[in-house]
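With mmCIF, C-alpha atoms and all ligand atoms; chains and numbers go by the auth columns inside, this is data02.cif:
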data_coords
#
loop_
_atom_site.group_PDB
_atom_site.id
_atom_site.type_symbol
_atom_site.label_atom_id
_atom_site.label_comp_id
_atom_site.label_asym_id
_atom_site.label_seq_id
_atom_site.Cartn_x
_atom_site.Cartn_y
_atom_site.Cartn_z
_atom_site.B_iso_or_equiv
_atom_site.auth_seq_id
_atom_site.auth_asym_id
ATOM 1 C CA MET A 1 -52.280 208.435 196.416 0.00 1 A
ATOM 2 C CA GLU A 2 -55.455 209.809 197.944 0.00 2 A
ATOM 3 C CA ILE A 3 -55.361 211.360 201.404 0.00 3 A
ATOM 4 C CA TYR A 4 -58.287 211.183 203.813 0.00 4 A
ATOM 5 C CA ARG A 5 -58.506 213.463 206.834 0.00 5 A
ATOM 6 C CA ILE A 6 -60.146 211.863 209.873 0.00 6 A
ATOM 7 C CA GLU A 7 -61.212 213.822 212.958 0.00 7 A
ATOM 8 C CA ALA A 8 -60.293 212.359 216.346 0.00 8 A
ATOM 9 C CA PHE A 9 -60.608 213.441 219.985 0.00 9 A
ATOM 10 C CA GLN A 10 -61.217 217.179 220.443 0.00 10 A
ATOM 11 C CA ASP A 11 -59.141 218.655 217.640 0.00 11 A
ATOM 12 C CA ASN A 12 -56.776 215.981 216.252 0.00 12 A
ATOM 13 C CA TYR A 13 -56.509 214.933 212.642 0.00 13 A
ATOM 14 C CA ILE A 14 -55.405 211.456 211.552 0.00 14 A
ATOM 15 C CA PHE A 15 -54.522 210.961 207.889 0.00 15 A
ATOM 16 C CA VAL A 16 -55.174 207.815 205.870 0.00 16 A
ATOM 17 C CA LEU A 17 -53.185 207.425 202.647 0.00 17 A
ATOM 18 C CA HIS A 18 -54.805 205.179 200.063 0.00 18 A
ATOM 19 C CA ASP A 19 -53.326 203.422 197.041 0.00 19 A
ATOM 20 C CA ALA A 20 -56.479 202.336 195.216 0.00 20 A
ATOM 21 C CA ASP A 21 -54.627 200.240 192.598 0.00 21 A
ATOM 22 C CA ARG A 22 -52.944 198.096 195.254 0.00 22 A
ATOM 23 C CA HIS A 23 -55.873 198.166 197.729 0.00 23 A
ATOM 24 C CA GLU A 24 -53.398 199.316 200.351 0.00 24 A
ATOM 25 C CA ALA A 25 -53.463 202.060 202.925 0.00 25 A
ATOM 26 C CA ALA A 26 -51.119 203.755 205.369 0.00 26 A
ATOM 27 C CA VAL A 27 -51.969 205.959 208.322 0.00 27 A
ATOM 28 C CA VAL A 28 -50.199 208.955 209.813 0.00 28 A
ATOM 29 C CA ASP A 29 -50.357 209.370 213.615 0.00 29 A
ATOM 30 C CA PRO A 30 -53.292 207.129 214.554 0.00 30 A
ATOM 31 C CA GLY A 31 -54.035 208.371 218.041 0.00 31 A
ATOM 32 C CA ASP A 32 -57.278 206.408 217.922 0.00 32 A
ATOM 33 C CA ALA A 33 -57.772 203.149 215.999 0.00 33 A
ATOM 34 C CA GLY A 34 -61.577 203.147 215.761 0.00 34 A
ATOM 35 C CA PRO A 35 -62.127 205.797 213.093 0.00 35 A
ATOM 36 C CA VAL A 36 -59.119 204.496 211.137 0.00 36 A
ATOM 37 C CA LEU A 37 -60.517 200.958 211.064 0.00 37 A
ATOM 38 C CA ARG A 38 -63.865 202.285 209.853 0.00 38 A
ATOM 39 C CA GLN A 39 -62.148 204.207 207.045 0.00 39 A
ATOM 40 C CA LEU A 40 -60.091 201.146 206.035 0.00 40 A
ATOM 41 C CA GLU A 41 -63.219 199.028 205.927 0.00 41 A
ATOM 42 C CA HIS A 42 -64.979 201.663 203.828 0.00 42 A
ATOM 43 C CA LEU A 43 -62.037 201.695 201.397 0.00 43 A
ATOM 44 C CA GLY A 44 -61.619 197.914 201.415 0.00 44 A
ATOM 45 C CA ALA A 45 -57.908 198.460 201.955 0.00 45 A
ATOM 46 C CA THR A 46 -55.194 196.566 203.844 0.00 46 A
ATOM 47 C CA LEU A 47 -53.101 198.642 206.232 0.00 47 A
ATOM 48 C CA THR A 48 -49.427 198.238 205.307 0.00 48 A
ATOM 49 C CA ALA A 49 -47.772 201.120 207.165 0.00 49 A
ATOM 50 C CA ILE A 50 -48.120 203.352 210.209 0.00 50 A
ATOM 51 C CA PHE A 51 -46.139 206.579 209.971 0.00 51 A
ATOM 52 C CA ASN A 52 -45.664 208.148 213.415 0.00 52 A
ATOM 53 C CA THR A 53 -44.185 211.632 213.791 0.00 53 A
ATOM 54 C CA HIS A 54 -43.604 211.463 217.567 0.00 54 A
ATOM 55 C CA HIS A 55 -44.504 209.481 220.667 0.00 55 A
ATOM 56 C CA HIS A 56 -47.371 211.479 222.201 0.00 56 A
ATOM 57 C CA SER A 57 -50.382 209.287 222.940 0.00 57 A
ATOM 58 C CA ASP A 58 -52.762 211.268 220.744 0.00 58 A
ATOM 59 C CA HIS A 59 -50.486 210.265 217.836 0.00 59 A
ATOM 60 C CA VAL A 60 -49.614 206.631 218.661 0.00 60 A
ATOM 61 C CA GLY A 61 -52.508 205.500 220.901 0.00 61 A
ATOM 62 C CA GLY A 62 -54.119 203.430 218.135 0.00 62 A
ATOM 63 C CA ASN A 63 -50.964 201.602 217.006 0.00 63 A
ATOM 64 C CA ARG A 64 -51.555 198.401 218.998 0.00 64 A
ATOM 65 C CA GLN A 65 -55.182 197.964 218.018 0.00 65 A
ATOM 66 C CA LEU A 66 -54.342 198.539 214.337 0.00 66 A
ATOM 67 C CA LEU A 67 -51.522 195.980 214.558 0.00 67 A
ATOM 68 C CA ASP A 68 -53.964 193.472 216.087 0.00 68 A
ATOM 69 C CA GLN A 69 -56.007 193.758 212.897 0.00 69 A
ATOM 70 C CA PHE A 70 -53.070 194.170 210.493 0.00 70 A
ATOM 71 C CA PRO A 71 -50.055 192.427 212.101 0.00 71 A
ATOM 72 C CA ALA A 72 -47.904 192.760 208.969 0.00 72 A
ATOM 73 C CA ALA A 73 -48.100 196.561 208.970 0.00 73 A
ATOM 74 C CA GLN A 74 -44.740 198.277 209.360 0.00 74 A
ATOM 75 C CA VAL A 75 -44.422 200.973 212.038 0.00 75 A
ATOM 76 C CA TYR A 76 -42.170 203.937 211.287 0.00 76 A
ATOM 77 C CA GLY A 77 -40.886 206.566 213.720 0.00 77 A
ATOM 78 C CA GLY A 78 -37.796 208.522 214.657 0.00 78 A
ATOM 79 C CA VAL A 79 -34.670 206.772 215.908 0.00 79 A
ATOM 80 C CA GLU A 80 -34.683 208.983 219.012 0.00 80 A
ATOM 81 C CA ASP A 81 -38.160 207.673 219.863 0.00 81 A
ATOM 82 C CA ARG A 82 -36.820 204.148 220.430 0.00 82 A
ATOM 83 C CA GLY A 83 -38.919 202.554 223.171 0.00 83 A
ATOM 84 C CA ARG A 84 -41.656 205.199 223.057 0.00 84 A
ATOM 85 C CA ILE A 85 -43.674 204.212 219.941 0.00 85 A
ATOM 86 C CA PRO A 86 -45.787 201.028 220.329 0.00 86 A
ATOM 87 C CA GLY A 87 -44.883 198.359 217.770 0.00 87 A
ATOM 88 C CA GLN A 88 -42.150 200.387 216.091 0.00 88 A
ATOM 89 C CA THR A 89 -40.285 198.400 213.421 0.00 89 A
ATOM 90 C CA HIS A 90 -38.288 201.135 211.627 0.00 90 A
ATOM 91 C CA TRP A 91 -36.111 203.764 213.354 0.00 91 A
ATOM 92 C CA LEU A 92 -35.660 206.709 211.012 0.00 92 A
ATOM 93 C CA GLU A 93 -33.022 209.412 210.750 0.00 93 A
ATOM 94 C CA ASP A 94 -32.868 212.719 208.912 0.00 94 A
ATOM 95 C CA GLY A 95 -32.576 212.149 205.166 0.00 95 A
ATOM 96 C CA ASP A 96 -33.888 208.575 205.230 0.00 96 A
ATOM 97 C CA ARG A 97 -36.319 207.536 202.495 0.00 97 A
ATOM 98 C CA VAL A 98 -39.512 205.604 203.060 0.00 98 A
ATOM 99 C CA SER A 99 -42.274 204.815 200.610 0.00 99 A
ATOM 100 C CA PHE A 100 -45.954 204.082 200.352 0.00 100 A
ATOM 101 C CA GLY A 101 -47.142 202.458 197.130 0.00 101 A
ATOM 102 C CA ASP A 102 -45.230 204.170 194.361 0.00 102 A
ATOM 103 C CA ARG A 103 -44.664 207.383 196.366 0.00 103 A
ATOM 104 C CA PRO A 104 -41.305 207.916 198.063 0.00 104 A
ATOM 105 C CA ALA A 105 -41.102 210.200 201.089 0.00 105 A
ATOM 106 C CA LEU A 106 -38.185 212.033 202.645 0.00 106 A
ATOM 107 C CA VAL A 107 -37.752 211.854 206.422 0.00 107 A
ATOM 108 C CA ILE A 108 -36.933 215.216 208.009 0.00 108 A
ATOM 109 C CA PHE A 109 -35.686 215.340 211.612 0.00 109 A
ATOM 110 C CA VAL A 110 -37.542 218.217 213.286 0.00 110 A
ATOM 111 C CA PRO A 111 -36.889 218.213 217.066 0.00 111 A
ATOM 112 C CA GLY A 112 -38.388 220.935 219.234 0.00 112 A
ATOM 113 C CA HIS A 113 -41.907 219.861 220.219 0.00 113 A
ATOM 114 C CA THR A 114 -40.237 216.617 221.311 0.00 114 A
ATOM 115 C CA ARG A 115 -36.572 215.652 221.072 0.00 115 A
ATOM 116 C CA ALA A 116 -37.346 212.882 218.547 0.00 116 A
ATOM 117 C CA HIS A 117 -39.959 214.417 216.235 0.00 117 A
ATOM 118 C CA ILE A 118 -39.776 213.653 212.498 0.00 118 A
ATOM 119 C CA ALA A 119 -41.782 214.792 209.463 0.00 119 A
ATOM 120 C CA TYR A 120 -42.541 212.976 206.215 0.00 120 A
ATOM 121 C CA TYR A 121 -42.400 214.834 202.902 0.00 121 A
ATOM 122 C CA PHE A 122 -43.812 213.295 199.728 0.00 122 A
ATOM 123 C CA ALA A 123 -42.420 215.276 196.784 0.00 123 A
ATOM 124 C CA PRO A 124 -44.768 216.078 193.877 0.00 124 A
ATOM 125 C CA VAL A 125 -45.096 213.465 191.152 0.00 125 A
ATOM 126 C CA SER A 126 -45.102 216.065 188.368 0.00 126 A
ATOM 127 C CA SER A 127 -43.479 219.461 187.900 0.00 127 A
ATOM 128 C CA ASP A 128 -46.803 221.269 188.412 0.00 128 A
ATOM 129 C CA GLY A 129 -48.009 219.004 191.241 0.00 129 A
ATOM 130 C CA TRP A 130 -48.158 219.472 194.991 0.00 130 A
ATOM 131 C CA GLY A 131 -45.975 217.966 197.664 0.00 131 A
ATOM 132 C CA GLU A 132 -47.485 216.548 200.854 0.00 132 A
ATOM 133 C CA LEU A 133 -45.931 217.316 204.241 0.00 133 A
ATOM 134 C CA PHE A 134 -46.962 215.376 207.345 0.00 134 A
ATOM 135 C CA CYS A 135 -45.432 217.390 210.145 0.00 135 A
ATOM 136 C CA GLY A 136 -47.279 216.252 213.289 0.00 136 A
ATOM 137 C CA ASP A 137 -47.019 218.890 216.014 0.00 137 A
ATOM 138 C CA THR A 138 -44.035 220.800 214.591 0.00 138 A
ATOM 139 C CA LEU A 139 -45.570 223.225 212.090 0.00 139 A
ATOM 140 C CA PHE A 140 -49.262 224.093 212.449 0.00 140 A
ATOM 141 C CA ALA A 141 -51.431 226.180 210.170 0.00 141 A
ATOM 142 C CA GLY A 142 -50.635 229.662 211.454 0.00 142 A
ATOM 143 C CA GLY A 143 -48.473 228.412 214.311 0.00 143 A
ATOM 144 C CA CYS A 144 -46.065 225.831 215.670 0.00 144 A
ATOM 145 C CA GLY A 145 -45.979 223.218 218.398 0.00 145 A
ATOM 146 C CA ARG A 146 -45.124 223.921 222.007 0.00 146 A
ATOM 147 C CA LEU A 147 -41.551 223.211 223.091 0.00 147 A
ATOM 148 C CA PHE A 148 -41.912 220.260 225.460 0.00 148 A
ATOM 149 C CA GLU A 149 -38.532 218.564 225.007 0.00 149 A
ATOM 150 C CA GLY A 150 -36.617 220.901 222.726 0.00 150 A
ATOM 151 C CA THR A 151 -35.061 224.358 222.722 0.00 151 A
ATOM 152 C CA PRO A 152 -35.999 227.431 220.676 0.00 152 A
ATOM 153 C CA GLN A 153 -32.780 226.913 218.678 0.00 153 A
ATOM 154 C CA GLN A 154 -33.792 223.341 217.798 0.00 154 A
ATOM 155 C CA MET A 155 -37.314 224.364 216.778 0.00 155 A
ATOM 156 C CA LEU A 156 -35.962 227.262 214.712 0.00 156 A
ATOM 157 C CA THR A 157 -33.626 224.871 212.878 0.00 157 A
ATOM 158 C CA SER A 158 -36.495 222.428 212.326 0.00 158 A
ATOM 159 C CA LEU A 159 -38.854 225.091 210.990 0.00 159 A
ATOM 160 C CA THR A 160 -36.057 226.426 208.766 0.00 160 A
ATOM 161 C CA LYS A 161 -35.915 222.987 207.118 0.00 161 A
ATOM 162 C CA LEU A 162 -39.677 222.977 206.544 0.00 162 A
ATOM 163 C CA ARG A 163 -39.628 226.582 205.292 0.00 163 A
ATOM 164 C CA GLN A 164 -37.202 225.518 202.558 0.00 164 A
ATOM 165 C CA LEU A 165 -39.764 223.185 200.994 0.00 165 A
ATOM 166 C CA PRO A 166 -41.607 224.465 197.901 0.00 166 A
ATOM 167 C CA ASP A 167 -44.560 226.852 198.300 0.00 167 A
ATOM 168 C CA THR A 168 -46.664 224.237 196.497 0.00 168 A
ATOM 169 C CA THR A 169 -46.659 221.949 199.529 0.00 169 A
ATOM 170 C CA ARG A 170 -49.785 220.940 201.430 0.00 170 A
ATOM 171 C CA VAL A 171 -49.241 221.042 205.200 0.00 171 A
ATOM 172 C CA TRP A 172 -51.069 218.156 206.878 0.00 172 A
ATOM 173 C CA CYS A 173 -50.636 219.135 210.516 0.00 173 A
ATOM 174 C CA ALA A 174 -52.145 217.089 213.311 0.00 174 A
ATOM 175 C CA HIS A 175 -54.447 219.596 215.027 0.00 175 A
ATOM 176 C CA GLU A 176 -57.167 222.093 214.126 0.00 176 A
ATOM 177 C CA TYR A 177 -55.572 225.033 215.937 0.00 177 A
ATOM 178 C CA THR A 178 -55.618 227.489 213.043 0.00 178 A
ATOM 179 C CA LEU A 179 -58.129 230.061 214.268 0.00 179 A
ATOM 180 C CA ASN A 180 -56.469 230.511 217.655 0.00 180 A
ATOM 181 C CA ASN A 181 -53.052 230.598 215.987 0.00 181 A
ATOM 182 C CA LEU A 182 -54.084 233.351 213.587 0.00 182 A
ATOM 183 C CA ARG A 183 -55.753 235.363 216.369 0.00 183 A
ATOM 184 C CA PHE A 184 -52.345 235.357 218.047 0.00 184 A
ATOM 185 C CA ALA A 185 -50.509 236.061 214.792 0.00 185 A
ATOM 186 C CA ILE A 186 -52.446 239.259 214.151 0.00 186 A
ATOM 187 C CA THR A 187 -51.303 240.628 217.530 0.00 187 A
ATOM 188 C CA VAL A 188 -47.640 240.485 216.446 0.00 188 A
ATOM 189 C CA ASP A 189 -48.051 241.113 212.691 0.00 189 A
ATOM 190 C CA SER A 190 -51.030 243.481 212.526 0.00 190 A
ATOM 191 C CA GLY A 191 -49.826 245.324 209.430 0.00 191 A
ATOM 192 C CA ASN A 192 -49.829 242.186 207.268 0.00 192 A
ATOM 193 C CA PRO A 193 -52.786 242.376 204.843 0.00 193 A
ATOM 194 C CA THR A 194 -52.357 238.745 203.725 0.00 194 A
ATOM 195 C CA LEU A 195 -52.604 237.622 207.346 0.00 195 A
ATOM 196 C CA ARG A 196 -55.687 239.762 207.938 0.00 196 A
ATOM 197 C CA ALA A 197 -57.418 238.262 204.895 0.00 197 A
ATOM 198 C CA ARG A 198 -56.487 234.756 206.008 0.00 198 A
ATOM 199 C CA LEU A 199 -57.834 235.340 209.507 0.00 199 A
ATOM 200 C CA GLU A 200 -61.171 236.475 208.038 0.00 200 A
ATOM 201 C CA GLN A 201 -61.293 233.415 205.795 0.00 201 A
ATOM 202 C CA VAL A 202 -60.519 231.042 208.665 0.00 202 A
ATOM 203 C CA GLN A 203 -63.087 232.724 210.928 0.00 203 A
ATOM 204 C CA ALA A 204 -65.700 232.055 208.236 0.00 204 A
ATOM 205 C CA ASP A 205 -64.477 228.484 207.729 0.00 205 A
ATOM 206 C CA ARG A 206 -64.617 227.611 211.411 0.00 206 A
ATOM 207 C CA ALA A 207 -68.006 229.292 211.879 0.00 207 A
ATOM 208 C CA HIS A 208 -69.241 226.666 209.395 0.00 208 A
ATOM 209 C CA HIS A 209 -67.105 223.875 210.945 0.00 209 A
ATOM 210 C CA ARG A 210 -65.020 223.609 207.775 0.00 210 A
ATOM 211 C CA PRO A 211 -61.526 222.167 208.333 0.00 211 A
ATOM 212 C CA THR A 212 -58.542 224.439 207.670 0.00 212 A
ATOM 213 C CA VAL A 213 -56.098 221.536 207.177 0.00 213 A
ATOM 214 C CA PRO A 214 -54.283 220.941 204.882 0.00 214 A
ATOM 215 C CA ALA A 215 -52.752 224.393 204.753 0.00 215 A
ATOM 216 C CA ASP A 216 -50.712 225.816 201.890 0.00 216 A
ATOM 217 C CA LEU A 217 -47.011 226.259 202.712 0.00 217 A
ATOM 218 C CA GLY A 218 -46.698 229.292 200.432 0.00 218 A
ATOM 219 C CA LEU A 219 -49.396 231.052 202.470 0.00 219 A
ATOM 220 C CA GLU A 220 -47.781 229.871 205.714 0.00 220 A
ATOM 221 C CA LYS A 221 -44.546 231.582 204.713 0.00 221 A
ATOM 222 C CA GLN A 222 -46.489 234.856 204.298 0.00 222 A
ATOM 223 C CA THR A 223 -48.642 234.635 207.432 0.00 223 A
ATOM 224 C CA ASN A 224 -47.255 232.253 210.067 0.00 224 A
ATOM 225 C CA PRO A 225 -45.205 234.232 212.636 0.00 225 A
ATOM 226 C CA PHE A 226 -43.154 231.130 213.451 0.00 226 A
ATOM 227 C CA LEU A 227 -41.814 231.101 209.880 0.00 227 A
ATOM 228 C CA ARG A 228 -41.199 234.870 209.932 0.00 228 A
ATOM 229 C CA TRP A 229 -38.651 235.437 212.712 0.00 229 A
ATOM 230 C CA ASP A 230 -36.464 237.350 210.215 0.00 230 A
ATOM 231 C CA VAL A 231 -39.161 239.804 209.103 0.00 231 A
ATOM 232 C CA ALA A 232 -38.787 243.355 210.477 0.00 232 A
ATOM 233 C CA ALA A 233 -42.392 243.649 211.707 0.00 233 A
ATOM 234 C CA LEU A 234 -42.081 240.500 213.818 0.00 234 A
ATOM 235 C CA GLN A 235 -38.695 241.536 215.168 0.00 235 A
ATOM 236 C CA GLN A 236 -40.146 244.908 216.191 0.00 236 A
ATOM 237 C CA ALA A 237 -43.092 243.199 217.880 0.00 237 A
ATOM 238 C CA VAL A 238 -40.756 241.418 220.297 0.00 238 A
ATOM 239 C CA ASP A 239 -37.963 244.025 220.340 0.00 239 A
ATOM 240 C CA SER A 240 -35.225 241.780 218.978 0.00 240 A
ATOM 241 C CA THR A 241 -33.210 241.337 215.801 0.00 241 A
ATOM 242 C CA ALA A 242 -31.490 238.062 216.702 0.00 242 A
ATOM 243 C CA ALA A 243 -33.195 235.068 215.090 0.00 243 A
ATOM 244 C CA VAL A 244 -33.308 232.691 218.058 0.00 244 A
ATOM 245 C CA GLN A 245 -34.281 235.420 220.508 0.00 245 A
ATOM 246 C CA THR A 246 -37.032 236.661 218.187 0.00 246 A
ATOM 247 C CA PHE A 247 -38.360 233.146 217.770 0.00 247 A
ATOM 248 C CA ALA A 248 -38.158 232.371 221.499 0.00 248 A
ATOM 249 C CA ARG A 249 -39.979 235.581 222.433 0.00 249 A
ATOM 250 C CA LEU A 250 -42.728 234.903 219.871 0.00 250 A
ATOM 251 C CA ARG A 251 -43.137 231.371 221.242 0.00 251 A
ATOM 252 C CA GLY A 252 -43.184 232.729 224.786 0.00 252 A
ATOM 253 C CA LYS A 253 -45.910 235.237 223.922 0.00 253 A
ATOM 254 C CA LYS A 254 -47.977 232.520 222.274 0.00 254 A
ATOM 255 C CA ASP A 255 -47.641 230.300 225.358 0.00 255 A
ATOM 256 C CA LEU A 256 -49.315 233.079 227.360 0.00 256 A
ATOM 257 C CA PHE A 257 -51.932 233.985 224.716 0.00 257 A
HETATM 258 ZN ZN ZN B . -47.403 216.171 220.445 0.00 301 B
#
Transcribe the structure of this file into structure tokens.
Amino acid sequence: MEIYRIEAFQDNYIFVLHDADRHEAAVVDPGDAGPVLRQLEHLGATLTAIFNTHHHSDHVGGNRQLLDQFPAAQVYGGVEDRGRIPGQTHWLEDGDRVSFGDRPALVIFVPGHTRAHIAYYFAPVSSDGWGELFCGDTLFAGGCGRLFEGTPQQMLTSLTKLRQLPDTTRVWCAHEYTLNNLRFAITVDSGNPTLRARLEQVQADRAHHRPTVPADLGLEKQTNPFLRWDVAALQQAVDSTAAVQTFARLRGKKDLF
């Protein structure tokens, strides 16, 4: 399975999964159909699946136009998103399995950004391989999504699930927010040398318009404040030792950053 990262709108990423042997493709969160159709034409692939993480228009806005071209494509989304995802054909719950080509994926229910948000995790195919996590607007490189429909407790539980995945997981998040996220992170975790080095790397990457997605989950665990609510430095930064309160205060600070 090859993964193509497509830029859309201001700072969105859409991901096209390609099974070259079967001449089939799937797409994750097609907010816009145009660039996806161009990629499919370039690959000479038939679209068989749309994997939506949540209902926001910059993630589902291209569903209808893609279905016009590929009416047999299946449309996956969370069960709680019933009625909110155009063309939805499969209503998924935590622990469900889906597949693309010969790759199975685990569905992880991750409410917080919205009440219905799900993530898709493709486990590695070999013991030394990488897993692929499509997490929409839940976990970002260096940050996490805003809480529009969920509570800090829900988001903390969701991020705990993602934090339990192996370090060797690529994080395919849906926005290029990394530089701003890390600029915030350094204000609450200034003594973290790994974070400082990452910020410098990302500053250089963005100065040259290089994408910072996918991110590496092992590095996220060391540098993303929203995966580090139980680390003393972060707790001190927001004057709390309780997990939910620490997380909520970090999220609140980021909202104002
Ligand atoms: Zn969203």
Applying 7 Å and all atoms listed in the file, which residues near stretch 107-117 of chain A remain after dropping the ones on its own chain fewer than 2 positions away? List them as a ChimeraX atom specification. /A:53-54,78,80-81,93-97,105,119-121,137-138,145-151,154-155,158
Would you mind exporting the chosen residues as a short mmCIF file (atom, residue, chain, number, x, y, z; two decimals), in the coordinates of the input, restricted to C-alpha atoms?
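Output below, filename selection_11.cif:
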data_model
loop_
_atom_site.label_atom_id
_atom_site.label_comp_id
_atom_site.auth_asym_id
_atom_site.auth_seq_id
_atom_site.Cartn_x
_atom_site.Cartn_y
_atom_site.Cartn_z
CA THR A 53 -44.18 211.63 213.79
CA HIS A 54 -43.60 211.46 217.57
CA GLY A 78 -37.80 208.52 214.66
CA GLU A 80 -34.68 208.98 219.01
CA ASP A 81 -38.16 207.67 219.86
CA GLU A 93 -33.02 209.41 210.75
CA ASP A 94 -32.87 212.72 208.91
CA GLY A 95 -32.58 212.15 205.17
CA ASP A 96 -33.89 208.58 205.23
CA ARG A 97 -36.32 207.54 202.50
CA ALA A 105 -41.10 210.20 201.09
CA ALA A 119 -41.78 214.79 209.46
CA TYR A 120 -42.54 212.98 206.22
CA TYR A 121 -42.40 214.83 202.90
CA ASP A 137 -47.02 218.89 216.01
CA THR A 138 -44.04 220.80 214.59
CA GLY A 145 -45.98 223.22 218.40
CA ARG A 146 -45.12 223.92 222.01
CA LEU A 147 -41.55 223.21 223.09
CA PHE A 148 -41.91 220.26 225.46
CA GLU A 149 -38.53 218.56 225.01
CA GLY A 150 -36.62 220.90 222.73
CA THR A 151 -35.06 224.36 222.72
CA GLN A 154 -33.79 223.34 217.80
CA MET A 155 -37.31 224.36 216.78
CA SER A 158 -36.49 222.43 212.33
#
task: Name the residues that the PyMOL selection byres (((chain A and resi 174) around 10) and not hetatm) pulls out of this structure, and write them as a ChimeraX atom specification.
output: /A:5,7-8,11-15,28-29,53,58-59,134-141,171-173,175-177,213-214
Write to file, as a PDB file, in the coordinates of the input, the residues of the selection just made, with C-alpha atoms.
ATOM      1  CA  ARG A   5     -58.506 213.463 206.834  1.00  0.00           C
ATOM      2  CA  GLU A   7     -61.212 213.822 212.958  1.00  0.00           C
ATOM      3  CA  ALA A   8     -60.293 212.359 216.346  1.00  0.00           C
ATOM      4  CA  ASP A  11     -59.141 218.655 217.640  1.00  0.00           C
ATOM      5  CA  ASN A  12     -56.776 215.981 216.252  1.00  0.00           C
ATOM      6  CA  TYR A  13     -56.509 214.933 212.642  1.00  0.00           C
ATOM      7  CA  ILE A  14     -55.405 211.456 211.552  1.00  0.00           C
ATOM      8  CA  PHE A  15     -54.522 210.961 207.889  1.00  0.00           C
ATOM      9  CA  VAL A  28     -50.199 208.955 209.813  1.00  0.00           C
ATOM     10  CA  ASP A  29     -50.357 209.370 213.615  1.00  0.00           C
ATOM     11  CA  THR A  53     -44.185 211.632 213.791  1.00  0.00           C
ATOM     12  CA  ASP A  58     -52.762 211.268 220.744  1.00  0.00           C
ATOM     13  CA  HIS A  59     -50.486 210.265 217.836  1.00  0.00           C
ATOM     14  CA  PHE A 134     -46.962 215.376 207.345  1.00  0.00           C
ATOM     15  CA  CYS A 135     -45.432 217.390 210.145  1.00  0.00           C
ATOM     16  CA  GLY A 136     -47.279 216.252 213.289  1.00  0.00           C
ATOM     17  CA  ASP A 137     -47.019 218.890 216.014  1.00  0.00           C
ATOM     18  CA  THR A 138     -44.035 220.800 214.591  1.00  0.00           C
ATOM     19  CA  LEU A 139     -45.570 223.225 212.090  1.00  0.00           C
ATOM     20  CA  PHE A 140     -49.262 224.093 212.449  1.00  0.00           C
ATOM     21  CA  ALA A 141     -51.431 226.180 210.170  1.00  0.00           C
ATOM     22  CA  VAL A 171     -49.241 221.042 205.200  1.00  0.00           C
ATOM     23  CA  TRP A 172     -51.069 218.156 206.878  1.00  0.00           C
ATOM     24  CA  CYS A 173     -50.636 219.135 210.516  1.00  0.00           C
ATOM     25  CA  HIS A 175     -54.447 219.596 215.027  1.00  0.00           C
ATOM     26  CA  GLU A 176     -57.167 222.093 214.126  1.00  0.00           C
ATOM     27  CA  TYR A 177     -55.572 225.033 215.937  1.00  0.00           C
ATOM     28  CA  VAL A 213     -56.098 221.536 207.177  1.00  0.00           C
ATOM     29  CA  PRO A 214     -54.283 220.941 204.882  1.00  0.00           C
TER      30      PRO A 214
END
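Going from atom CA of A:Val27 to atom CA of A:Leu92 covers 16.5 Å.
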Ligand ZN 301 (chain B) proximity check over A:Trp130, A:Ala232, A:Cys144, A:Glu24, using only C-alpha atoms and all ligand atoms: winner is A:Cys144
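You can rank A:Leu17, A:Ile3, A:Val60, A:Leu66 by their closest distance to ligand ZN 301 (chain B) using only C-alpha atoms and all ligand atoms, and at the top of that list sits A:Val60.
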*asked:* Going by the chain IDs and residue numbers used in this file, which residues fall under the PyMOL selection byres (((chain A and resi 49) around 7) and not hetatm)? Write them as a ChimeraX atom specification.
replied: /A:26-27,47-48,50-51,73-75
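As for atom CA of A:Ala25 and atom CA of A:Leu133, they are spaced 17.1 Å apart.
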I need the output of the PyMOL selection byres (((chain A and resi 196) around 12) and not hetatm) for this file as a ChimeraX atom specification; which residues are they? /A:142,179,182-195,197-203,222-224
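One finds atom CA of A:Gln153 at 17.2 Å from atom CA of A:Leu234.
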Find the residues near A:Trp91: any atom within 7 Å, counting all atoms listed in the file, skip ones fewer than 4 places away on the same chain, and give them as a compact mmCIF listing (two decimals) with C-alpha atoms, in the frame of the given file.
# COMPACT_ATOMS: atom_id res chain seq x y z
CA TYR A 76 -42.17 203.94 211.29
CA GLY A 77 -40.89 206.57 213.72
CA GLY A 78 -37.80 208.52 214.66
CA VAL A 79 -34.67 206.77 215.91
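You can rank A:Gly62, A:Gly218, A:Pro71, A:Gly44 by their closest distance to A:Leu165 using only C-alpha atoms, and at the top of that list sits A:Gly218.
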With only C-alpha atoms as the counted atoms, please give the residues lying no more than 8 Å from A:Pro166, apart from itself and same-chain residues fewer than 2 positions off, as a PyMOL selection string. chain A and resi 131+163-164+168-169+217-218
For stretch 52-56 of chain A, where the input has fewer atoms than it should, I would like N, CA and C atoms rebuilt and written as a PDB file, in the coordinates of the input.
ATOM      1  N   ASN A  52     -45.547 207.318 212.216  1.00  0.00           N
ATOM      2  CA  ASN A  52     -45.664 208.148 213.415  1.00  0.00           C
ATOM      3  C   ASN A  52     -44.663 209.298 213.342  1.00  0.00           C
ATOM      4  N   THR A  53     -45.103 210.484 213.767  1.00  0.00           N
ATOM      5  CA  THR A  53     -44.185 211.632 213.791  1.00  0.00           C
ATOM      6  C   THR A  53     -43.489 211.773 215.143  1.00  0.00           C
ATOM      7  N   HIS A  54     -44.197 211.385 216.229  1.00  0.00           N
ATOM      8  CA  HIS A  54     -43.604 211.463 217.567  1.00  0.00           C
ATOM      9  C   HIS A  54     -44.454 210.637 218.516  1.00  0.00           C
ATOM     10  N   HIS A  55     -43.983 210.499 219.760  1.00  0.00           N
ATOM     11  CA  HIS A  55     -44.504 209.481 220.667  1.00  0.00           C
ATOM     12  C   HIS A  55     -45.749 209.862 221.445  1.00  0.00           C
ATOM     13  N   HIS A  56     -46.232 211.080 221.357  1.00  0.00           N
ATOM     14  CA  HIS A  56     -47.371 211.479 222.201  1.00  0.00           C
ATOM     15  C   HIS A  56     -48.579 210.577 221.938  1.00  0.00           C
TER      16      HIS A  56
END
